[in-house]
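Peer 1: One structure, as structure tokens, below. Some questions next.
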Amino acid sequence: MKATKLIHEKDTMTSEQRLQAVINLQVPDRVPVSHRIYYFAAKYAGVDNADLYDAATWNSAIDKCFRDLGPWDLYAPWNFYHVEVLSLIFPMKVLEPGIGLPRDAIHQYLEEEIMPFEDYQWIMKMAKQIPDLSFLRLVMRWLPKIWGHVQPGIRGYAYMMPRLLDHLITWRRDFMRWSKEGVIPLAGAGVEAAFDSFSMARGLVNFSRDLKKHPDLIAGAADAMTAGNLYLITSAARILGVKRAAIALHRSSNDFISPDTFRKLSLPSLKDLVERLKAQGRPSVLHCDGNWDLNFEALRELPAGCAVVELDGTSDIFKAKEIIGDRMCIAGDVPADLLALGSTTEVDEYCHRLIEEVGKGGGFILSSGCEVAPNAKPENVKTMMESVVKYGYYNR
Amino acid sequence: MDDEARLVKAMGDLEEEEVLALVGEMLSAGIEPLRIIEMCRQGFDVVGRRYEQREYFLSGLIISDEIFKSVMELLEASECFRPSESEPLGKVVLGAPLGDVHDIGKNIVATLLHYSGFEVVDLGVSVKPSQFLAAARSSGAGVVGISALITMAYEPLRETVAAFEREGLRGKVKIMLGGGAVSQRVCEFAGADAWSRDASDAVRFARKFTGGEE
């Protein structure tokens, strides 16, 4: 899967070369641009959110965005072709458009217990017995609690495996299609980091108590999951044909936990996974939701030159550049409210500042960081994409 | 350190078992439940200060909320419990906007306001502008707090503020926004009076809006 077409006329690198350069903390020909578009595509293309699970509808909607508002260099896959596959990554009860919510609504997670307290011990024991298969075994234990139609045991596997395979194969087809446009995926296979996954599956209230009373169990179970997470990523990556792996961190921000808790309970298993991925030549894309300002220092413990840190506009990305800019590539962080409520001038000014300051010396991807708000103004999205041509070339 | 000081400290340190054991002992010793609540509230203030100083984070606020609920269950089960007859500092209507079903942030704010002396009218999640309006009217609340976690809430936030404007209540009711989706830009778009992503600011705003000290 080679994307050889150049995106813009003045480009001297392909998207692959450009992304490799910024991950390696080198200076590319220009700042690459990415995004996380999902529900925005449905609104822009005039289809219901509930229909985005259909591959043809999704591809038609995102193609329209690319034609009208792009081009972009990097495609950050954010869509799922089976609702249950989403729950493998985000183990929470969820209301979906068309399933518990109106067809044009966006999905919303519910803070209910999927993981009983006893599962910490169970995970440690199980992961010792079947380390590589621990991720699959764990999520298949939880899935029937999220979706009533998925049965426990072998019937659950029989239901899920064809869907997971279909999802991965369809993503691969999507990636191949994008490669003809010169666009490459920011990452392919992905997992929620173990600590964050437990937080979601336990629910915020239970997990807050666990943090106070049973930190050793959380750390032990998180450590035990590394082999299973790695195995899932490498197996899925073989199908997808993409080396870069996404690791979502939705609950490790300093909105929820202290930097000390992050360092003691979340970072060790994250570091282990990133290091093992690096040993296989696989860069990590860390999707860091929320405010990470007090965690940046600890992120320096991750190996240099093999990770992208995606920030969503809540963290201070300029501070991130100062603290971790010499260790990892930074992506972000045009905020959702700016894209939805700001003017094109404001978007242009903010993107310019990002490119000048965070893009200085390379190691930067301009992006929305987290999801482009469904109600973002199309002209603002276009302004963001165009700003890398206007301001992003390094030898101008 | 006497029992009361120990209770304040245990609450501030989020030591749930110790708080509940002390409350049990104090009840057995015939201490007035309202006095016990006051000690817990003082401990809650310690939690709030530590949260503001970034010593505690959201997980700490959640635990303190849970401990307080357990204390109240213990007290309400005791024979000598009588609800407080003192006047609240003010009334606050709370809810998540139409289309948003997230309630954790709103619940924490409700607890913080409640134990800071406010009467809270909690409307739950996905609340229509007309419901906010009706609750503010019927309760006579001077403050409405709306907690939003999704970007699709921008328009319902604006519609809610506009509904108060249309009905001529905007001069009497202050509207504050909270939650992960809000920002200065969203506050201006909606036409609200204040915003924060920090739960403890809700108490500060409510005190200010009801004429007290921040």
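FYI, nothing fancy with the structure tokens labels: chains A, B, ... in order, residues from 1 per chain, ligands from 1 as they appear.
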Compute the set of chain A residues within 6 Å of chain B, using only C-alpha atoms, and express it as a ChimeraX atom specification.
Peer 2: /A:208,256-257
Peer 1: Please report, as a list in words, each residue of stretch 39-169 of chain B to which DSSP assigns strand (DSSP E) when run on this structure's backbone.
Peer 2: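 Everything in stretch 39-169 of chain B that counts as strand (DSSP E) is Gly90, Lys91, Val92, Val93, Leu94, Gly95, Phe118, Glu119, Val120, Val121, Asp122, Val143, Val144, Gly145, Ile146 and Ser147 of chain B.
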Peer 1: List the spatial neighbours of A:Met140 as an NGL selection string - criterion: any atom at most 9 Å away, only C-alpha atoms, same-chain residues fewer than 3 positions off excluded.
Peer 2: :A and (88 or 135-137 or 143-144 or 152-153 or 156-157 or 160)
Peer 1: I want to know what sits within 7 Å of stretch 272-275 of chain A, based on only C-alpha atoms, with residues of the same chain fewer than 3 positions away left out; could you give that as a list of chain:residue names?
Peer 2: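 Within the cut-off, the hits are A:Thr226, A:Leu230, A:Pro268, A:Ser269, A:Lys278, A:Ala279, A:Ser284, A:Pro303.
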Peer 1: Figure out the distance between atom CA of A:Val308 and atom CA of A:Gly182, please, to one decimal in Å.
Peer 2: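 Atom-to-atom, atom CA of A:Gly182 and atom CA of A:Val308 are spaced 20.5 Å apart.
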Peer 1: Could you name the residues that touch stretch 213-215 of chain A at 10 Å or less, counting only C-alpha atoms, but leaving out those on the same chain fewer than 6 positions away, as a list of chain:residue names?
Peer 2: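 Neighbouring residues, sequence-local ones excluded: A:Phe117, A:Tyr120, A:Phe207, A:Thr261, A:Lys264, A:Leu265, B:Glu15, B:Glu16.
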Peer 1: Which neighbours of A:Asn375 fall inside 12 Å, counting only C-alpha atoms, when residues of the same chain fewer than 6 positions from it are skipped, and could you give them as a ChimeraX atom specification?
Peer 2: /A:37-44,104-106,336-342,381 /B:150-155
Peer 1: Closest to B:Ser147 among B:Leu22, B:Ala134, B:Cys187, B:Leu74, using only C-alpha atoms?
Peer 2: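 Answer, going by the shortest atom-to-atom distance: B:Cys187.
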Peer 1: Just the residues within 9 Å of A:Ile218, please, counting only C-alpha atoms, with nothing from its chain fewer than 5 positions along; format it as an MDAnalysis selection string.
Peer 2: chainID A and resid 120 195 198 210:211 223 265:266
Peer 1: Write out, as a PDB file, in the first residue's frame, the residues just selected, with N, CA, C and O atoms.
Peer 2:
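The resulting file, result.pdb, is reproduced below:
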```pdb
ATOM      1  N   TYR A 120     -10.215  -7.461  38.395  1.00  0.00           N
ATOM      2  CA  TYR A 120      -8.783  -7.127  38.480  1.00  0.00           C
ATOM      3  C   TYR A 120      -7.970  -8.397  38.739  1.00  0.00           C
ATOM      4  O   TYR A 120      -6.987  -8.685  38.050  1.00  0.00           O
ATOM      5  N   PHE A 195      -5.166   1.025  31.699  1.00  0.00           N
ATOM      6  CA  PHE A 195      -5.662   1.810  32.840  1.00  0.00           C
ATOM      7  C   PHE A 195      -6.977   2.499  32.457  1.00  0.00           C
ATOM      8  O   PHE A 195      -7.960   2.464  33.218  1.00  0.00           O
ATOM      9  N   PHE A 198      -9.963   0.113  32.041  1.00  0.00           N
ATOM     10  CA  PHE A 198     -10.580  -0.281  33.325  1.00  0.00           C
ATOM     11  C   PHE A 198     -11.455   0.848  33.855  1.00  0.00           C
ATOM     12  O   PHE A 198     -12.534   0.605  34.407  1.00  0.00           O
ATOM     13  N   ASP A 210     -11.623   2.666  43.467  1.00  0.00           N
ATOM     14  CA  ASP A 210     -10.508   1.724  43.260  1.00  0.00           C
ATOM     15  C   ASP A 210      -9.167   2.446  43.339  1.00  0.00           C
ATOM     16  O   ASP A 210      -8.197   1.914  43.882  1.00  0.00           O
ATOM     17  N   LEU A 211      -9.115   3.645  42.766  1.00  0.00           N
ATOM     18  CA  LEU A 211      -7.859   4.414  42.775  1.00  0.00           C
ATOM     19  C   LEU A 211      -7.413   4.688  44.204  1.00  0.00           C
ATOM     20  O   LEU A 211      -6.226   4.648  44.516  1.00  0.00           O
ATOM     21  N   ASP A 223      -0.656  -3.858  33.988  1.00  0.00           N
ATOM     22  CA  ASP A 223       0.615  -4.450  33.531  1.00  0.00           C
ATOM     23  C   ASP A 223       0.366  -5.792  32.835  1.00  0.00           C
ATOM     24  O   ASP A 223       0.999  -6.116  31.834  1.00  0.00           O
ATOM     25  N   LEU A 265       0.284   4.557  38.097  1.00  0.00           N
ATOM     26  CA  LEU A 265      -0.696   3.534  37.699  1.00  0.00           C
ATOM     27  C   LEU A 265      -0.943   3.424  36.195  1.00  0.00           C
ATOM     28  O   LEU A 265      -1.297   2.360  35.712  1.00  0.00           O
ATOM     29  N   SER A 266      -0.816   4.525  35.474  1.00  0.00           N
ATOM     30  CA  SER A 266      -1.147   4.483  34.044  1.00  0.00           C
ATOM     31  C   SER A 266       0.100   4.366  33.181  1.00  0.00           C
ATOM     32  O   SER A 266       0.147   3.588  32.223  1.00  0.00           O
TER      33      SER A 266
END
```
Peer 1: Between A:Leu86, A:Cys288, A:Val31, A:Val242, which is the closest to A:Tyr53 once you count only C-alpha atoms?
Peer 2: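 Closest residue, counting only C-alpha atoms: A:Leu86.
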Peer 1: Using backbone DSSP assignments, extract all helix (DSSP H, G or I) residues from stretch 119-204 of chain A; output them as a VMD selection string.
Peer 2: chain A and resid 119 to 129 134 to 146 154 to 180 194 to 202 204
Peer 1: Considering only C-alpha atoms, state which residue in the set B:Leu123, B:Met1, B:Ala10, B:Leu27 is at the smallest distance from B:Leu75.
Peer 2: B:Leu27
Peer 1: Could you check how far atom CA of A:Leu74 sits from atom CA of A:Gly369, in Å to one decimal?
Peer 2: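 Going from atom CA of A:Leu74 over to atom CA of A:Gly369, I get 12.4 Å.
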